[in-house]
Amino acid sequence: MKDGHNPWLMALLLLSLLFAAVSINFSWVQGHHNSDTLLLPLISIERYTPYYWGDNRYGMLVPLLATPIRDYVWNTLFQTQILTLAAFGCVVAFHVWYLRPKPAFDVEALSGACLSVVLILLVLRPTPRTAEIFVLAHPYLLSLLPVLIAAGVLLRSQWRLPARLLLPFAALLAAFWINRSMAPLALALVAVLPAAMPYIKSVPVRLASLAIVVTAAVLAFAYGAGFPGSDATALVPLQTVPSAVAALATKTAEHIVHPFRLAVLLVAAALVCKRVGHSIDTLIFLSLAVGLAAAMASLKWVQAGQFEPRYWTSPLALVLLPSAAAVSQLVLRVLGPETAGKIVSALGLLLAAVLGFGIPSPGTARHTVVSASAVHQRGIIALRCTHFVGNYAAGWQAAFHQRATRPEKSLHALTMRAEVLANQWNAVPPDLRVYCGLCGDPEREFYEHHFGLPKMKLIGKSDGICVYEPSASW
């Protein structure tokens, strides 16, 4: 049997990828949760909505899948595992459909994916923001994966109709629901990506592919329009775009990637593509990365978000995927076509996973999640708080921790996005409520007014948490 579909070699490579994904999920990354990430299990368990609470930009596919898991910590770990697997799936999908003369899910693709993951891990910084972006919360790679699959099936598969049309349509619907910013990327990718199979190079098939993308986008956007959300498409003045690009690049280099290592990877990929003839796909993806990065820098939403590097996750992925894939293919050529070279790639990934993230430990990961949300618990427990008013970050962390460790005690966060749970915290009788907040929190009075609470007066404090009571009778 040829190595291309050798079952035991395929199994070894798949297990290596799975082990690395599990190692990342059950590791130190779980110590970097914040309110945005800890809201996901609350959305899944407390009150599921098709979009992130109060925002129709991000569809809640993973919280929906996690709804049967009623334990808050295990729900969290399940969701982060899905997000990690999606990131790995992007690498595998790229090796299956792109930079190859004939797409195939085989040993070559999986061994290349193993090496690509190692290269990408070397480029990324092991920081809290990297953990948050790629593992803990954001749907960028989860939505990129179905786009890569859809474009590959539409333009580079030999599948028969209707499967070659229906699967991409379903994948694109999911991608645009999860993250609507994938729509222009998918449209551009299908428009400019060369078709690998001669019989689908015709204009009618190309137009049909574009029609599928447009139809999926229209349906997804029409569905999202029925939910509340902010305007994320307003543009900044053109002259401010260069400074926005500089700010995003600076923060990305500081918190997400090692600039020198990324530069080395790009140079190596350029040399490889020139040598082995993969320049067309690489050029297309890098061009799309530049265009998407510039588009993100032109949005007022990104400026309001203080140019957080998460806004460049998709452009960064479009840079890393082809660059790492090109270099990994060269490494595989050097290792040779023999089975030993494929085993080396699997073992290399296993070694990188253990060195970077350790042996997976569900118990340690669970403890880490609980510890990450316990910042203000001493004061909250001492004051017997029932309602935490004010700061968004502290409020949802405290609410999650209480649900994860003391479910018999009620703690309700009255902060941004709490409107969706108003029936819960309003159900507590006024005489049983104990209002707390961060001492000196400037947001507390705003949310007191926002949620129609009476004006409060300070009556005590403990470990940075202040407790209040109404200054006038109910």
# chains A, B, ... in the order shown; residues from 1 in each chain; ligands from 1
>>> select_by_dssp(residues="region 248-434 of chain A", states="helix (DSSP H, G or I)", output="ChimeraX atom specification")
/A:248-255,259-276,279-297,300-304,309-335,339-357,362-372,377-383,392-405,418-426,430-432
>>> residues_around(residues="Leu414 (chain A)", least_positions_apart="5", cutoff="10 Å", atoms="only C-alpha atoms", output="ChimeraX atom specification")
/A:387-392,395-396,399,419,421-422,425,435-437,444,447-448,450-451
>>> write_last_selection(atoms="N, CA and C atoms", output="short mmCIF file (atom, residue, chain, number, x, y, z; two decimals), in the first residue's frame")
data_model
loop_
_atom_site.label_atom_id
_atom_site.label_comp_id
_atom_site.auth_asym_id
_atom_site.auth_seq_id
_atom_site.Cartn_x
_atom_site.Cartn_y
_atom_site.Cartn_z
N HIS A 387 -26.27 41.05 44.02
CA HIS A 387 -26.29 41.82 42.77
C HIS A 387 -24.98 42.61 42.66
N PHE A 388 -24.23 42.36 41.59
CA PHE A 388 -22.97 43.07 41.37
C PHE A 388 -23.21 44.12 40.30
N VAL A 389 -23.10 45.40 40.67
CA VAL A 389 -23.47 46.50 39.78
C VAL A 389 -22.22 47.22 39.30
N GLY A 390 -22.14 47.42 37.98
CA GLY A 390 -21.06 48.26 37.45
C GLY A 390 -20.13 47.57 36.49
N ASN A 391 -18.87 47.49 36.85
CA ASN A 391 -17.79 47.08 35.96
C ASN A 391 -18.11 45.79 35.21
N TYR A 392 -17.98 45.86 33.88
CA TYR A 392 -18.31 44.72 33.00
C TYR A 392 -17.39 43.53 33.26
N GLY A 395 -17.91 42.13 36.84
CA GLY A 395 -19.26 41.63 37.04
C GLY A 395 -19.48 40.23 36.48
N TRP A 396 -19.10 40.01 35.23
CA TRP A 396 -19.35 38.70 34.62
C TRP A 396 -18.37 37.65 35.13
N ALA A 399 -19.99 36.62 38.36
CA ALA A 399 -21.21 35.83 38.14
C ALA A 399 -20.86 34.42 37.69
N GLU A 419 -29.12 42.90 30.21
CA GLU A 419 -30.54 43.06 29.92
C GLU A 419 -31.22 41.72 29.62
N LEU A 421 -30.86 38.93 30.93
CA LEU A 421 -31.17 38.16 32.15
C LEU A 421 -31.97 38.98 33.15
N ALA A 422 -32.60 40.03 32.70
CA ALA A 422 -33.32 40.92 33.63
C ALA A 422 -34.38 40.18 34.42
N TRP A 425 -32.61 38.59 37.70
CA TRP A 425 -32.23 39.42 38.83
C TRP A 425 -33.37 40.29 39.33
N TYR A 435 -26.56 44.79 47.19
CA TYR A 435 -25.89 45.39 46.03
C TYR A 435 -24.41 45.62 46.33
N CYS A 436 -23.56 45.16 45.42
CA CYS A 436 -22.12 45.34 45.57
C CYS A 436 -21.53 45.87 44.28
N GLY A 437 -20.28 46.29 44.37
CA GLY A 437 -19.55 46.75 43.20
C GLY A 437 -18.10 47.01 43.57
N ARG A 444 -20.54 52.29 38.16
CA ARG A 444 -21.63 51.81 39.01
C ARG A 444 -22.86 52.71 38.93
N TYR A 447 -24.91 52.28 35.69
CA TYR A 447 -25.76 51.09 35.61
C TYR A 447 -26.88 51.11 36.64
N GLU A 448 -26.69 51.80 37.76
CA GLU A 448 -27.80 52.00 38.68
C GLU A 448 -28.94 52.72 37.95
N HIS A 450 -29.24 53.02 34.61
CA HIS A 450 -29.63 52.26 33.42
C HIS A 450 -30.65 51.18 33.75
N PHE A 451 -30.49 50.53 34.89
CA PHE A 451 -31.39 49.44 35.26
C PHE A 451 -32.49 49.89 36.23
#
>>> closest_residue(among="A:Ile43, A:Leu145, A:Val213, A:Cys273", to="Ser323 (chain A)", atoms="only C-alpha atoms")
A:Cys273
>>> atom_distance(atom1="CA of Arg433 (chain A)", atom2="CA of Thr37 (chain A)")
27.0 Å
>>> residues_around(residues="region 111-122 of chain A", least_positions_apart="4", cutoff="9 Å", atoms="only C-alpha atoms", output="tab-separated table (two decimals) with all heavy atoms, in the first residue's frame")
chain	number	residue	atom	x	y	z
A	10	MET	N	-2.05	7.48	8.57
A	10	MET	CA	-3.10	8.49	8.68
A	10	MET	C	-3.56	8.62	10.14
A	10	MET	O	-3.75	9.72	10.65
A	10	MET	CB	-4.29	8.11	7.80
A	10	MET	CG	-4.04	8.17	6.30
A	10	MET	SD	-4.22	9.82	5.61
A	10	MET	CE	-5.99	10.02	5.65
A	13	LEU	N	-0.95	10.51	12.28
A	13	LEU	CA	-0.94	11.94	12.03
A	13	LEU	C	-2.19	12.61	12.62
A	13	LEU	O	-2.10	13.69	13.22
A	13	LEU	CB	-0.85	12.20	10.53
A	13	LEU	CG	0.48	11.80	9.88
A	13	LEU	CD1	0.33	11.71	8.37
A	13	LEU	CD2	1.58	12.79	10.24
A	14	LEU	N	-3.34	11.97	12.45
A	14	LEU	CA	-4.56	12.53	13.02
A	14	LEU	C	-4.50	12.57	14.54
A	14	LEU	O	-4.92	13.56	15.16
A	14	LEU	CB	-5.77	11.71	12.56
A	14	LEU	CG	-6.25	11.95	11.13
A	14	LEU	CD1	-7.30	10.93	10.74
A	14	LEU	CD2	-6.81	13.37	10.98
A	16	SER	N	-1.81	12.81	16.32
A	16	SER	CA	-0.86	13.86	16.69
A	16	SER	C	-1.53	15.23	16.67
A	16	SER	O	-1.35	16.04	17.59
A	16	SER	CB	0.34	13.85	15.74
A	16	SER	OG	1.04	12.63	15.82
A	17	LEU	N	-2.32	15.48	15.63
A	17	LEU	CA	-3.04	16.75	15.55
A	17	LEU	C	-4.05	16.87	16.69
A	17	LEU	O	-4.18	17.92	17.33
A	17	LEU	CB	-3.74	16.87	14.20
A	17	LEU	CG	-2.82	17.11	13.00
A	17	LEU	CD1	-3.55	16.80	11.69
A	17	LEU	CD2	-2.31	18.55	12.98
A	88	PHE	N	-7.13	24.25	14.15
A	88	PHE	CA	-6.38	23.16	13.52
A	88	PHE	C	-7.03	22.76	12.20
A	88	PHE	O	-6.35	22.42	11.22
A	88	PHE	CB	-6.31	21.96	14.46
A	88	PHE	CG	-5.19	22.03	15.45
A	88	PHE	CD1	-5.12	23.06	16.38
A	88	PHE	CD2	-4.18	21.09	15.45
A	88	PHE	CE1	-4.08	23.13	17.30
A	88	PHE	CE2	-3.13	21.15	16.36
A	88	PHE	CZ	-3.08	22.18	17.29
A	91	VAL	N	-5.85	24.71	9.23
A	91	VAL	CA	-4.55	24.27	8.72
A	91	VAL	C	-4.71	23.03	7.86
A	91	VAL	O	-4.16	22.94	6.75
A	91	VAL	CB	-3.58	23.99	9.89
A	91	VAL	CG1	-2.23	23.53	9.36
A	91	VAL	CG2	-3.41	25.24	10.76
A	92	VAL	N	-5.49	22.07	8.33
A	92	VAL	CA	-5.71	20.84	7.56
A	92	VAL	C	-6.41	21.16	6.25
A	92	VAL	O	-6.03	20.65	5.18
A	92	VAL	CB	-6.51	19.82	8.38
A	92	VAL	CG1	-6.87	18.61	7.53
A	92	VAL	CG2	-5.72	19.38	9.61
A	93	ALA	N	-7.48	21.98	6.31
A	93	ALA	CA	-8.21	22.33	5.10
A	93	ALA	C	-7.32	23.00	4.07
A	93	ALA	O	-7.44	22.77	2.87
A	93	ALA	CB	-9.39	23.23	5.44
A	94	PHE	N	-6.41	23.83	4.53
A	94	PHE	CA	-5.52	24.52	3.61
A	94	PHE	C	-4.62	23.51	2.90
A	94	PHE	O	-4.38	23.61	1.70
A	94	PHE	CB	-4.67	25.56	4.35
A	94	PHE	CG	-4.14	26.62	3.45
A	94	PHE	CD1	-4.88	27.75	3.16
A	94	PHE	CD2	-2.90	26.48	2.84
A	94	PHE	CE1	-4.40	28.72	2.30
A	94	PHE	CE2	-2.41	27.44	1.98
A	94	PHE	CZ	-3.17	28.57	1.71
A	95	HIS	N	-4.13	22.53	3.64
A	95	HIS	CA	-3.27	21.53	3.01
A	95	HIS	C	-4.04	20.57	2.11
A	95	HIS	O	-3.46	20.02	1.17
A	95	HIS	CB	-2.53	20.73	4.09
A	95	HIS	CG	-1.32	21.43	4.62
A	95	HIS	ND1	-0.07	21.28	4.06
A	95	HIS	CD2	-1.17	22.31	5.63
A	95	HIS	CE1	0.80	22.03	4.70
A	95	HIS	NE2	0.17	22.66	5.67
A	106	ASP	N	-5.05	13.19	2.54
A	106	ASP	CA	-4.15	12.05	2.54
A	106	ASP	C	-3.00	12.29	3.51
A	106	ASP	O	-2.97	13.29	4.25
A	106	ASP	CB	-3.62	11.77	1.13
A	106	ASP	CG	-2.93	12.98	0.50
A	106	ASP	OD1	-2.68	13.98	1.23
A	106	ASP	OD2	-2.64	12.94	-0.71
A	107	VAL	N	-2.03	11.36	3.49
A	107	VAL	CA	-0.88	11.46	4.39
A	107	VAL	C	-0.09	12.73	4.12
A	107	VAL	O	0.39	13.39	5.06
A	107	VAL	CB	0.01	10.21	4.23
A	107	VAL	CG1	1.36	10.42	4.90
A	107	VAL	CG2	-0.68	8.99	4.80
A	126	PRO	N	3.30	33.36	23.18
A	126	PRO	CA	2.47	32.71	24.20
A	126	PRO	C	1.93	33.72	25.21
A	126	PRO	O	2.36	33.76	26.37
A	126	PRO	CB	3.43	31.71	24.84
A	126	PRO	CG	4.77	32.36	24.70
A	126	PRO	CD	4.74	33.12	23.40
A	257	VAL	N	2.39	38.10	17.63
A	257	VAL	CA	3.42	37.43	16.84
A	257	VAL	C	4.81	37.95	17.17
A	257	VAL	O	4.97	39.08	17.64
A	257	VAL	CB	3.17	37.60	15.32
A	257	VAL	CG1	1.84	37.01	14.92
A	257	VAL	CG2	3.28	39.06	14.91
A	258	HIS	N	5.81	37.09	16.93
A	258	HIS	CA	7.20	37.52	16.95
A	258	HIS	C	7.52	38.09	15.57
A	258	HIS	O	7.57	37.33	14.59
A	258	HIS	CB	8.13	36.34	17.24
A	258	HIS	CG	7.97	35.75	18.60
A	258	HIS	ND1	8.53	36.33	19.72
A	258	HIS	CD2	7.33	34.63	19.02
A	258	HIS	CE1	8.24	35.59	20.78
A	258	HIS	NE2	7.51	34.55	20.38
A	261	ARG	N	10.44	36.36	13.58
A	261	ARG	CA	10.12	34.99	13.16
A	261	ARG	C	9.12	34.99	12.01
A	261	ARG	O	9.22	34.18	11.08
A	261	ARG	CB	9.57	34.19	14.34
A	261	ARG	CG	10.58	33.99	15.47
A	261	ARG	CD	9.96	33.17	16.61
A	261	ARG	NE	10.84	33.10	17.76
A	261	ARG	CZ	10.55	32.47	18.89
A	261	ARG	NH1	9.38	31.84	19.00
A	261	ARG	NH2	11.41	32.44	19.90
A	262	LEU	N	8.15	35.89	12.08
A	262	LEU	CA	7.19	36.00	10.99
A	262	LEU	C	7.88	36.41	9.70
A	262	LEU	O	7.58	35.88	8.62
A	262	LEU	CB	6.09	37.00	11.36
A	262	LEU	CG	5.03	37.25	10.28
A	262	LEU	CD1	4.30	35.96	9.91
A	262	LEU	CD2	4.03	38.31	10.75
A	265	LEU	N	9.68	33.46	8.25
A	265	LEU	CA	8.72	32.54	7.63
A	265	LEU	C	8.27	33.05	6.26
A	265	LEU	O	8.18	32.28	5.30
A	265	LEU	CB	7.52	32.35	8.55
A	265	LEU	CG	6.42	31.40	8.03
A	265	LEU	CD1	6.96	29.99	7.91
A	265	LEU	CD2	5.20	31.43	8.95
A	320	LEU	N	-0.39	33.42	7.70
A	320	LEU	CA	0.27	32.26	8.29
A	320	LEU	C	-0.03	30.97	7.54
A	320	LEU	O	0.86	30.12	7.36
A	320	LEU	CB	-0.14	32.11	9.75
A	320	LEU	CG	0.36	33.19	10.71
A	320	LEU	CD1	-0.23	32.98	12.10
A	320	LEU	CD2	1.88	33.18	10.79
A	321	LEU	N	-1.27	30.78	7.10
A	321	LEU	CA	-1.65	29.52	6.48
A	321	LEU	C	-0.84	29.21	5.22
A	321	LEU	O	-0.22	28.14	5.12
A	321	LEU	CB	-3.15	29.51	6.18
A	321	LEU	CG	-4.08	29.35	7.38
A	321	LEU	CD1	-5.53	29.53	6.97
A	321	LEU	CD2	-3.89	27.98	8.02
A	323	SER	N	1.97	30.62	4.13
A	323	SER	CA	3.41	30.68	4.40
A	323	SER	C	3.88	29.40	5.07
A	323	SER	O	4.86	28.78	4.65
A	323	SER	CB	3.74	31.89	5.27
A	323	SER	OG	3.31	33.09	4.66
A	324	ALA	N	3.17	28.99	6.13
A	324	ALA	CA	3.56	27.76	6.83
A	324	ALA	C	3.37	26.54	5.94
A	324	ALA	O	4.19	25.61	5.97
A	324	ALA	CB	2.73	27.62	8.11
A	325	ALA	N	2.32	26.53	5.13
A	325	ALA	CA	2.08	25.39	4.24
A	325	ALA	C	3.19	25.26	3.21
A	325	ALA	O	3.66	24.15	2.93
A	325	ALA	CB	0.73	25.54	3.56
A	326	ALA	N	3.61	26.37	2.62
A	326	ALA	CA	4.67	26.32	1.61
A	326	ALA	C	5.97	25.80	2.21
A	326	ALA	O	6.64	24.93	1.63
A	326	ALA	CB	4.86	27.71	1.01
A	327	VAL	N	6.34	26.32	3.37
A	327	VAL	CA	7.60	25.89	3.99
A	327	VAL	C	7.51	24.43	4.43
A	327	VAL	O	8.47	23.66	4.29
A	327	VAL	CB	7.94	26.80	5.19
A	327	VAL	CG1	9.18	26.29	5.93
A	327	VAL	CG2	8.16	28.24	4.71
A	328	SER	N	6.37	24.02	4.95
A	328	SER	CA	6.23	22.62	5.39
A	328	SER	C	6.34	21.66	4.22
A	328	SER	O	6.90	20.56	4.36
A	328	SER	CB	4.90	22.42	6.11
A	328	SER	OG	3.80	22.56	5.23
A	329	GLN	N	5.84	22.06	3.05
A	329	GLN	CA	5.97	21.19	1.89
A	329	GLN	C	7.43	21.02	1.48
A	329	GLN	O	7.86	19.94	1.07
A	329	GLN	CB	5.15	21.75	0.72
A	329	GLN	CG	3.65	21.57	0.92
A	329	GLN	CD	2.85	21.96	-0.31
A	329	GLN	OE1	3.40	22.43	-1.30
A	329	GLN	NE2	1.55	21.74	-0.25
A	331	VAL	N	9.95	21.15	3.59
A	331	VAL	CA	10.54	20.28	4.62
A	331	VAL	C	10.21	18.82	4.31
A	331	VAL	O	11.07	17.93	4.43
A	331	VAL	CB	10.03	20.67	6.01
A	331	VAL	CG1	10.51	19.67	7.05
A	331	VAL	CG2	10.49	22.08	6.38
A	332	LEU	N	8.97	18.56	3.89
A	332	LEU	CA	8.59	17.19	3.55
A	332	LEU	C	9.40	16.67	2.36
A	332	LEU	O	9.74	15.49	2.30
A	332	LEU	CB	7.10	17.12	3.25
A	332	LEU	CG	6.17	17.25	4.45
A	332	LEU	CD1	4.71	17.31	4.00
A	332	LEU	CD2	6.37	16.09	5.41
A	341	GLY	N	9.76	10.13	7.09
A	341	GLY	CA	9.58	11.57	7.07
A	341	GLY	C	8.24	12.00	7.64
A	341	GLY	O	8.13	13.00	8.35
A	342	LYS	N	7.20	11.22	7.35
A	342	LYS	CA	5.87	11.54	7.87
A	342	LYS	C	5.81	11.31	9.38
A	342	LYS	O	5.18	12.07	10.12
A	342	LYS	CB	4.82	10.67	7.17
A	342	LYS	CG	4.92	10.65	5.65
A	342	LYS	CD	4.84	12.04	5.05
A	342	LYS	CE	4.77	11.99	3.52
A	342	LYS	NZ	5.98	11.44	2.87
A	343	ILE	N	6.50	10.27	9.83
A	343	ILE	CA	6.55	10.00	11.28
A	343	ILE	C	7.28	11.13	12.00
A	343	ILE	O	6.88	11.55	13.08
A	343	ILE	CB	7.24	8.65	11.54
A	343	ILE	CG1	6.40	7.51	10.96
A	343	ILE	CG2	7.45	8.43	13.03
A	343	ILE	CD1	7.02	6.15	11.09
A	344	VAL	N	8.33	11.65	11.38
A	344	VAL	CA	9.07	12.77	11.97
A	344	VAL	C	8.16	13.98	12.15
A	344	VAL	O	8.19	14.66	13.18
A	344	VAL	CB	10.30	13.12	11.12
A	344	VAL	CG1	10.89	14.46	11.56
A	344	VAL	CG2	11.35	12.02	11.21
A	345	SER	N	7.31	14.25	11.16
A	345	SER	CA	6.40	15.40	11.27
A	345	SER	C	5.40	15.21	12.40
A	345	SER	O	5.09	16.15	13.15
A	345	SER	CB	5.67	15.63	9.95
A	345	SER	OG	4.81	14.55	9.64
A	346	ALA	N	4.89	13.98	12.57
A	346	ALA	CA	3.96	13.71	13.67
A	346	ALA	C	4.64	13.85	15.02
A	346	ALA	O	4.11	14.48	15.94
A	346	ALA	CB	3.37	12.31	13.51
A	347	LEU	N	5.84	13.28	15.13
A	347	LEU	CA	6.57	13.37	16.40
A	347	LEU	C	6.99	14.80	16.70
A	347	LEU	O	7.03	15.21	17.86
A	347	LEU	CB	7.79	12.45	16.35
A	347	LEU	CG	7.49	10.95	16.24
A	347	LEU	CD1	8.79	10.15	16.19
A	347	LEU	CD2	6.62	10.48	17.40
A	348	GLY	N	7.32	15.56	15.65
A	348	GLY	CA	7.69	16.97	15.86
A	348	GLY	C	6.54	17.76	16.46
A	348	GLY	O	6.75	18.60	17.35
A	349	LEU	N	5.33	17.50	15.98
A	349	LEU	CA	4.16	18.19	16.54
A	349	LEU	C	3.91	17.75	17.98
A	349	LEU	O	3.60	18.59	18.84
A	349	LEU	CB	2.93	17.92	15.69
A	349	LEU	CG	1.62	18.54	16.19
A	349	LEU	CD1	1.75	20.05	16.33
A	349	LEU	CD2	0.47	18.18	15.26
A	350	LEU	N	4.04	16.47	18.25
A	350	LEU	CA	3.86	15.99	19.62
A	350	LEU	C	4.86	16.65	20.57
A	350	LEU	O	4.50	17.07	21.67
A	350	LEU	CB	4.01	14.47	19.67
A	350	LEU	CG	2.92	13.64	18.99
A	350	LEU	CD1	3.28	12.17	19.01
A	350	LEU	CD2	1.58	13.87	19.68
A	352	ALA	N	6.43	19.55	20.14
A	352	ALA	CA	6.11	20.97	20.28
A	352	ALA	C	4.94	21.17	21.23
A	352	ALA	O	4.93	22.11	22.04
A	352	ALA	CB	5.79	21.56	18.90
A	353	ALA	N	3.93	20.29	21.16
A	353	ALA	CA	2.77	20.42	22.02
A	353	ALA	C	3.14	20.21	23.48
A	353	ALA	O	2.71	20.96	24.37
A	353	ALA	CB	1.69	19.43	21.60
A	356	GLY	N	5.38	23.16	24.71
A	356	GLY	CA	4.68	24.44	24.81
A	356	GLY	C	3.50	24.45	25.76
A	356	GLY	O	3.18	25.48	26.36
>>> closest_residue(among="A:Glu443, A:Asp36, A:Asp55, A:Glu469", to="Asp431 (chain A)", atoms="only C-alpha atoms")
A:Glu469
>>> residues_around(residues="Leu185 (chain A)", least_positions_apart="6", cutoff="10 Å", atoms="only C-alpha atoms", output="PyMOL selection string")
chain A and resi 144+147+191+288-289+291-292+314-315
>>> atom_distance(atom1="CA of Ala188 (chain A)", atom2="CA of Ile133 (chain A)")
24.0 Å
>>> closest_residue(among="A:Phe19, A:Trp74, A:Trp53, A:Phe227", to="Thr368 (chain A)", atoms="only C-alpha atoms")
A:Trp74
>>> residues_around(residues="Gly54 (chain A)", least_positions_apart="2", cutoff="10 Å", atoms="only C-alpha atoms", output="list in words")
Thr49, Tyr51, Tyr52, Asn56, Arg57, Phe227, Pro228, Gly229, Ser230, Met416, Arg417, Ala418, Glu419 and Val420 of chain A
>>> closest_residue(among="A:Gly460, A:Ala20, A:Ala171, A:Glu108", to="Pro337 (chain A)", atoms="only C-alpha atoms")
A:Glu108
>>> residues_around(residues="His138 (chain A)", least_positions_apart="3", cutoff="10 Å", atoms="only C-alpha atoms", output="PyMOL selection string")
chain A and resi 36-37+58+80+83+132-135+141-143+178-179+310-311+313
>>> atom_distance(atom1="CA of Ala195 (chain A)", atom2="CA of Leu99 (chain A)")
11.9 Å
>>> closest_residue(among="A:Ala208, A:Ala393, A:Val434, A:Ala365", to="Thr76 (chain A)", atoms="only C-alpha atoms")
A:Ala365
>>> residues_around(residues="Gln402 (chain A)", least_positions_apart="6", cutoff="12 Å", atoms="only C-alpha atoms", output="VMD selection string")
chain A and resid 38 42 72 to 73 370 to 371 373 to 378 380 to 381 384 to 388 395 to 396 408 to 413
>>> write_last_selection(atoms="N, CA and C atoms", output="tab-separated table (two decimals), in the first residue's frame")
chain	number	residue	atom	x	y	z
A	38	LEU	N	-16.03	34.27	29.33
A	38	LEU	CA	-16.86	33.60	30.33
A	38	LEU	C	-18.35	33.82	30.11
A	42	LEU	N	-22.42	31.14	29.86
A	42	LEU	CA	-23.67	31.69	30.36
A	42	LEU	C	-24.70	31.77	29.24
A	72	TYR	N	-20.82	24.56	34.35
A	72	TYR	CA	-20.29	25.76	33.71
A	72	TYR	C	-18.84	25.61	33.27
A	73	VAL	N	-18.03	24.94	34.06
A	73	VAL	CA	-16.62	24.81	33.70
A	73	VAL	C	-16.45	23.83	32.55
A	370	VAL	N	-11.52	28.06	37.05
A	370	VAL	CA	-12.13	28.56	38.28
A	370	VAL	C	-11.25	29.64	38.91
A	371	SER	N	-9.95	29.40	38.95
A	371	SER	CA	-9.03	30.38	39.55
A	371	SER	C	-9.02	31.69	38.76
A	373	SER	N	-11.37	33.14	37.34
A	373	SER	CA	-12.57	33.95	37.55
A	373	SER	C	-12.77	34.34	39.01
A	374	ALA	N	-11.79	34.06	39.86
A	374	ALA	CA	-11.97	34.23	41.31
A	374	ALA	C	-11.38	35.53	41.84
A	375	VAL	N	-11.15	36.50	40.97
A	375	VAL	CA	-10.41	37.70	41.36
A	375	VAL	C	-11.03	38.42	42.54
A	376	HIS	N	-12.34	38.56	42.54
A	376	HIS	CA	-12.99	39.40	43.56
A	376	HIS	C	-13.84	38.58	44.54
A	377	GLN	N	-13.62	37.28	44.61
A	377	GLN	CA	-14.55	36.44	45.35
A	377	GLN	C	-14.49	36.64	46.86
A	378	ARG	N	-13.33	36.93	47.41
A	378	ARG	CA	-13.25	37.06	48.87
A	378	ARG	C	-14.19	38.15	49.38
A	380	ILE	N	-16.78	39.47	47.78
A	380	ILE	CA	-18.17	39.15	47.44
A	380	ILE	C	-18.76	38.17	48.43
A	381	ILE	N	-17.99	37.15	48.78
A	381	ILE	CA	-18.47	36.14	49.74
A	381	ILE	C	-18.62	36.76	51.12
A	384	ARG	N	-21.71	38.85	51.22
A	384	ARG	CA	-22.93	38.13	50.84
A	384	ARG	C	-23.70	38.85	49.73
A	385	CYS	N	-22.97	39.25	48.72
A	385	CYS	CA	-23.56	40.01	47.62
A	385	CYS	C	-24.54	39.14	46.82
A	386	THR	N	-25.61	39.75	46.37
A	386	THR	CA	-26.55	39.09	45.45
A	386	THR	C	-26.57	39.76	44.08
A	387	HIS	N	-26.27	41.05	44.02
A	387	HIS	CA	-26.29	41.82	42.77
A	387	HIS	C	-24.98	42.61	42.66
A	388	PHE	N	-24.23	42.36	41.59
A	388	PHE	CA	-22.97	43.07	41.37
A	388	PHE	C	-23.21	44.12	40.30
A	395	GLY	N	-17.91	42.13	36.84
A	395	GLY	CA	-19.26	41.63	37.04
A	395	GLY	C	-19.48	40.23	36.48
A	396	TRP	N	-19.10	40.01	35.23
A	396	TRP	CA	-19.35	38.70	34.62
A	396	TRP	C	-18.37	37.65	35.13
A	408	GLU	N	-25.69	27.31	44.68
A	408	GLU	CA	-26.81	27.53	45.60
A	408	GLU	C	-26.94	29.00	46.01
A	409	LYS	N	-25.90	29.80	45.76
A	409	LYS	CA	-25.92	31.22	46.09
A	409	LYS	C	-26.11	32.03	44.81
A	410	SER	N	-27.01	32.97	44.84
A	410	SER	CA	-27.29	33.77	43.64
A	410	SER	C	-26.40	35.01	43.60
A	411	LEU	N	-25.78	35.24	42.44
A	411	LEU	CA	-25.07	36.49	42.20
A	411	LEU	C	-25.39	36.92	40.78
A	412	HIS	N	-25.99	38.09	40.65
A	412	HIS	CA	-26.41	38.59	39.35
A	412	HIS	C	-25.55	39.78	38.96
A	413	ALA	N	-25.06	39.77	37.73
A	413	ALA	CA	-24.27	40.89	37.22
A	413	ALA	C	-25.20	41.90	36.58
>>> closest_residue(among="A:Leu161, A:Arg180, A:Val192, A:Thr252", to="Val218 (chain A)", atoms="only C-alpha atoms")
A:Arg180
